[in-house]
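Input: a single structure, listed below in structure tokens.
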Amino acid sequence: SCKLFFSDDPVKIVKAKGQYMYDEHGRRYLDCINNVAHVGHCHPDIVKAAHEQNQLLNTNSRYLHDNLVDYAERLSKTLPEKLCIFYFLNSGSEANDLALRLARQYTKHEDVIVLDHAYHGHLTSLIDISPYKFRNLEGQKEWVHVAPVPDTYRGLYREDHEDSVTAYANEVKNVIEQAHKRGRKIAAFFVESLPSVGGQIIPPAGYFQKVAKHVHKAGGIFIADEIQVGFGRVGKHFWAFQLQGEDFIPDIVTMGKPIGNGHPIACVATTKEIAEAFAATGVEYFNTFGGNPVSCAIGLAVLDVIEKEQLQAHATEVGNFLMKLLKEQKIKHPIIGDVRGSGLFIGVDLIKDQAARTPATAEAEYLITRLKEEYILLSTDGPGRNVLKFKPPMCFSMEDAKFVVDTIDKLLT
């Protein structure tokens, strides 16, 4: 049941550094998809922080330790003030599962609204709120409600719509009204700040604000899943939800993947009110290794590197350059229907024809295979598996961007 990249001719990786990976023959691949090795594979500062703390202590997190508090304080400086309570865990799936529990305990409701084709993790509770998975398994549970993806390229309301923001938000309002008619009550709207598996989607600014209004009115809360896109990846902001505007603050933010640069650590940030409702059950919450001293030392080192190497500004600069090059290819190659993104989170939507925007699934698959032969690792996403997804380590350079686009140009030609 485990699936490899390039399963017909898999790559055996034995070493990695920065944005490059090496196979057992010493061949170097450019990694365009590894959003886990956020600041670069085997970054010396991260390796050093892990090694030094490992030599001192690693234990479960039910003792006092400075690293835990120092890390929570550092993280809190990146978030809006009201998100001031932190739960540390070992994986993004654990974080999303806890967010679900917090929402249900706080609202005393059960139901969850998600976007179509969303993926939130591999626990049973999260498969249930991931249309990407459950549509191929047991199907939709009665407590799960699915709203359309706010995709202005191939969704219900497109770039020519007079007010796609309101139209997409009203779809969520309709979902709530239909649920209420069936006697259901909404606990949360659960959303990736930038839907990734859904096809590298950038929701139109203002959409979250309008949705949050409908969800709060129904007694639910807003959960922003930043597991793929947080920690400065979008360039302009530290968190992807901030692309929606300064006036938007989620009730819960979940973090994983880039938070530990490949080390298993995750986090849920929320408000005092939600945390207090969770504590009021009298059932203690603990996570044996979530927030252990080594994990927190690594988390602190990741934040240090992002700051020291100015990786947020770097993501903006390189991302803009990569988008510019890809848009030039769009003029040249009609198979490229759309180029969208922010910072180093970019999607290239390949199509069979301009009018119908039919997904070019086979062509995308072919391109990915050919790129691998040119030592470039890229993959596809989206309902039609036709969107090339760029989520490289944040040290990805201008030269890398040019090399990838030149190769794509050559292959498409």
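If you're wondering about the labels, chains in the structure tokens are A, B, ... by order shown, residues count from 1 in each chain, ligands from 1 in order shown.
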Each segment 246-345 of chain A residue no farther than 10 Å from segment 216-238 of chain A, nearest pair in Å, only C-alpha atoms, as a Markdown table:
| residue | atom | partner | partner_atom | distance |
| --- | --- | --- | --- | --- |
| A:Ile249 | CA | A:Phe222 | CA | 8.7 |
| A:Pro250 | CA | A:Phe222 | CA | 5.4 |
| A:Asp251 | CA | A:Phe222 | CA | 5.3 |
| A:Ile252 | CA | A:Ile223 | CA | 4.7 |
| A:Val253 | CA | A:Ala224 | CA | 4.9 |
| A:Thr254 | CA | A:Asp225 | CA | 5.0 |
| A:Met255 | CA | A:Ile227 | CA | 4.4 |
| A:Gly256 | CA | A:Ile227 | CA | 4.5 |
| A:Lys257 | CA | A:Ile227 | CA | 5.9 |
| A:Pro258 | CA | A:Phe231 | CA | 7.0 |
| A:Ile259 | CA | A:Phe231 | CA | 7.1 |
| A:Ala266 | CA | A:Ile227 | CA | 8.3 |
| A:Cys267 | CA | A:Ile227 | CA | 9.2 |
| A:Val268 | CA | A:Asp225 | CA | 9.5 |
| A:Ala269 | CA | A:Ile223 | CA | 9.9 |
| A:Thr270 | CA | A:Ile223 | CA | 9.3 |
| A:Ile274 | CA | A:Ile221 | CA | 9.6 |
| A:Val302 | CA | A:Phe231 | CA | 9.2 |
| A:Leu303 | CA | A:Phe231 | CA | 8.2 |
| A:Ile306 | CA | A:Gly232 | CA | 7.8 |
| A:Glu307 | CA | A:Gly232 | CA | 9.8 |
| A:Gln310 | CA | A:Gly232 | CA | 9.6 |
| A:Leu311 | CA | A:Gly232 | CA | 7.2 |
| A:Gln312 | CA | A:Gly235 | CA | 4.7 |
| A:Ala313 | CA | A:Gly235 | CA | 5.9 |
| A:His314 | CA | A:Gly235 | CA | 7.3 |
| A:Ala315 | CA | A:Gly235 | CA | 4.9 |
| A:Thr316 | CA | A:Gly235 | CA | 4.4 |
| A:Glu317 | CA | A:Gly235 | CA | 8.0 |
| A:Val318 | CA | A:Gly235 | CA | 9.4 |
| A:Gly319 | CA | A:Gly235 | CA | 7.9 |
| A:Asn320 | CA | A:Gly235 | CA | 9.5 |
| A:Gly341 | CA | A:Val234 | CA | 8.1 |
| A:Ser342 | CA | A:Val234 | CA | 4.9 |
| A:Gly343 | CA | A:Val234 | CA | 4.2 |
| A:Leu344 | CA | A:Arg233 | CA | 5.6 |
| A:Phe345 | CA | A:Val234 | CA | 6.2 |
Hey, what's within 9 Å of Ile376 of chain A if we count only C-alpha atoms and toss same-chain stuff fewer than 6 positions away? As a list in words, please?
Arg28, Tyr29, Leu30, Asp31, Cys32, Ile368, Arg370, Val404 and Thr407 of chain A
For Cys296 of chain A, the nearest of the candidates A:Gln209, A:Thr124, A:Asn67, A:Gln55, counting only C-alpha atoms
A:Asn67
Give me the residues near Asp97 of chain A as a list in words, where near means some atom within 9 Å (using only C-alpha atoms) and where sequence neighbours in that chain fewer than 6 positions away do not count.
His120, Gly121, Leu123, Ser125 and Leu126 of chain A
Residue contacts of Glu171 of chain A (8 Å, only C-alpha atoms) excluding same-chain residues fewer than 4 positions away, as a PDB file with all heavy atoms, in the first residue's frame:
ATOM      1  N   ALA A 147     -17.571  21.771   0.833  1.00  0.00           N
ATOM      2  CA  ALA A 147     -17.813  23.009   0.078  1.00  0.00           C
ATOM      3  C   ALA A 147     -16.870  23.044  -1.130  1.00  0.00           C
ATOM      4  O   ALA A 147     -15.792  22.441  -1.098  1.00  0.00           O
ATOM      5  CB  ALA A 147     -17.564  24.214   0.979  1.00  0.00           C
ATOM      6  N   PRO A 148     -17.255  23.746  -2.195  1.00  0.00           N
ATOM      7  CA  PRO A 148     -16.385  23.819  -3.377  1.00  0.00           C
ATOM      8  C   PRO A 148     -15.070  24.550  -3.086  1.00  0.00           C
ATOM      9  O   PRO A 148     -15.033  25.479  -2.278  1.00  0.00           O
ATOM     10  CB  PRO A 148     -17.211  24.617  -4.394  1.00  0.00           C
ATOM     11  CG  PRO A 148     -18.579  24.730  -3.837  1.00  0.00           C
ATOM     12  CD  PRO A 148     -18.491  24.526  -2.365  1.00  0.00           C
ATOM     13  N   ALA A 167     -19.278  34.788  -3.808  1.00  0.00           N
ATOM     14  CA  ALA A 167     -19.931  33.604  -4.376  1.00  0.00           C
ATOM     15  C   ALA A 167     -19.424  32.326  -3.712  1.00  0.00           C
ATOM     16  O   ALA A 167     -20.226  31.460  -3.319  1.00  0.00           O
ATOM     17  CB  ALA A 167     -19.709  33.554  -5.886  1.00  0.00           C
ATOM     18  N   VAL A 175     -23.988  25.405   2.539  1.00  0.00           N
ATOM     19  CA  VAL A 175     -23.654  24.125   3.173  1.00  0.00           C
ATOM     20  C   VAL A 175     -24.135  24.133   4.631  1.00  0.00           C
ATOM     21  O   VAL A 175     -24.722  23.158   5.115  1.00  0.00           O
ATOM     22  CB  VAL A 175     -22.133  23.851   3.091  1.00  0.00           C
ATOM     23  CG1 VAL A 175     -21.706  22.745   4.045  1.00  0.00           C
ATOM     24  CG2 VAL A 175     -21.726  23.492   1.670  1.00  0.00           C
TER      25      VAL A 175
END
Calculate how many Å separate atom CA of Gly18 of chain A from atom CA of Lys327 of chain A, rounding to one decimal.
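Those two atoms sit 26.4 Å apart.
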What's around segment 377-388 of chain A at 9 Å? Count only C-alpha atoms, leave out sequence neighbours fewer than 6 positions away in its own chain, and write the answer as a CSV table (one decimal) with C-alpha atoms, in the first residue's frame.
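Output saved as out.csv:
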chain,number,residue,atom,x,y,z
A,5,PHE,CA,7.8,8.5,-6.4
A,29,TYR,CA,18.9,15.7,-8.4
A,30,LEU,CA,17.3,19.2,-7.9
A,31,ASP,CA,14.6,18.8,-5.3
A,32,CYS,CA,11.6,21.0,-6.2
A,33,ILE,CA,9.0,19.3,-4.0
A,117,HIS,CA,-10.3,17.4,-2.6
A,132,TYR,CA,-9.2,13.3,-1.4
A,196,SER,CA,-2.2,21.9,-2.0
A,197,VAL,CA,-3.5,18.4,-2.9
A,198,GLY,CA,-6.5,20.3,-4.4
A,199,GLY,CA,-4.1,21.7,-7.0
A,200,GLN,CA,-1.9,24.5,-5.5
A,201,ILE,CA,-4.9,26.8,-5.1
A,346,ILE,CA,3.6,27.6,-7.1
A,347,GLY,CA,1.2,25.5,-9.4
A,348,VAL,CA,1.3,25.1,-13.1
A,349,ASP,CA,-2.0,23.9,-14.5
A,350,LEU,CA,-1.6,21.8,-17.7
A,351,ILE,CA,-4.5,21.6,-20.0
A,358,THR,CA,-9.5,19.8,-19.7
A,359,PRO,CA,-6.7,18.5,-17.4
A,360,ALA,CA,-3.7,17.3,-19.4
A,361,THR,CA,-3.2,14.3,-17.0
A,362,ALA,CA,-1.1,12.0,-19.2
A,363,GLU,CA,1.1,14.9,-20.5
A,364,ALA,CA,1.8,16.1,-16.9
A,365,GLU,CA,2.8,12.5,-15.9
A,368,ILE,CA,7.4,14.6,-14.5
A,369,THR,CA,9.0,11.3,-15.8
A,371,LEU,CA,12.2,15.8,-15.8
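When only C-alpha atoms are used to compute distances to Gln19 of chain A, the closest of the residues A:Glu373, A:Glu399, A:Glu276, A:Asp409 turns out to be A:Glu399.
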Close residues, Cys42 of chain A itself excluded, 7 Å, only C-alpha atoms, min 3 positions apart in chain, as an MDAnalysis selection string:
chainID A and resid 16:18 47
Write the selection just made, keeping N, CA, C and O atoms, as a compact mmCIF listing (two decimals), in the first residue's frame?
# COMPACT_ATOMS: atom_id res chain seq x y z
N ALA A 16 21.66 14.09 1.00
CA ALA A 16 21.05 15.34 0.53
C ALA A 16 21.71 16.53 1.21
O ALA A 16 22.19 16.43 2.34
N LYS A 17 21.73 17.64 0.51
CA LYS A 17 22.33 18.87 1.05
C LYS A 17 21.63 20.05 0.39
O LYS A 17 21.53 20.10 -0.85
N GLY A 18 21.11 20.96 1.20
CA GLY A 18 20.44 22.14 0.64
C GLY A 18 19.23 21.73 -0.19
O GLY A 18 18.36 21.00 0.28
N VAL A 47 21.33 20.37 12.27
CA VAL A 47 22.02 19.14 12.68
C VAL A 47 22.76 19.38 14.00
O VAL A 47 22.71 18.56 14.92
Nearest to Leu367 of chain A: which of A:Pro334, A:Ile408, A:Ala301, A:Met323 is it, counting only C-alpha atoms?
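Answer, going by the shortest atom-to-atom distance: A:Ile408.
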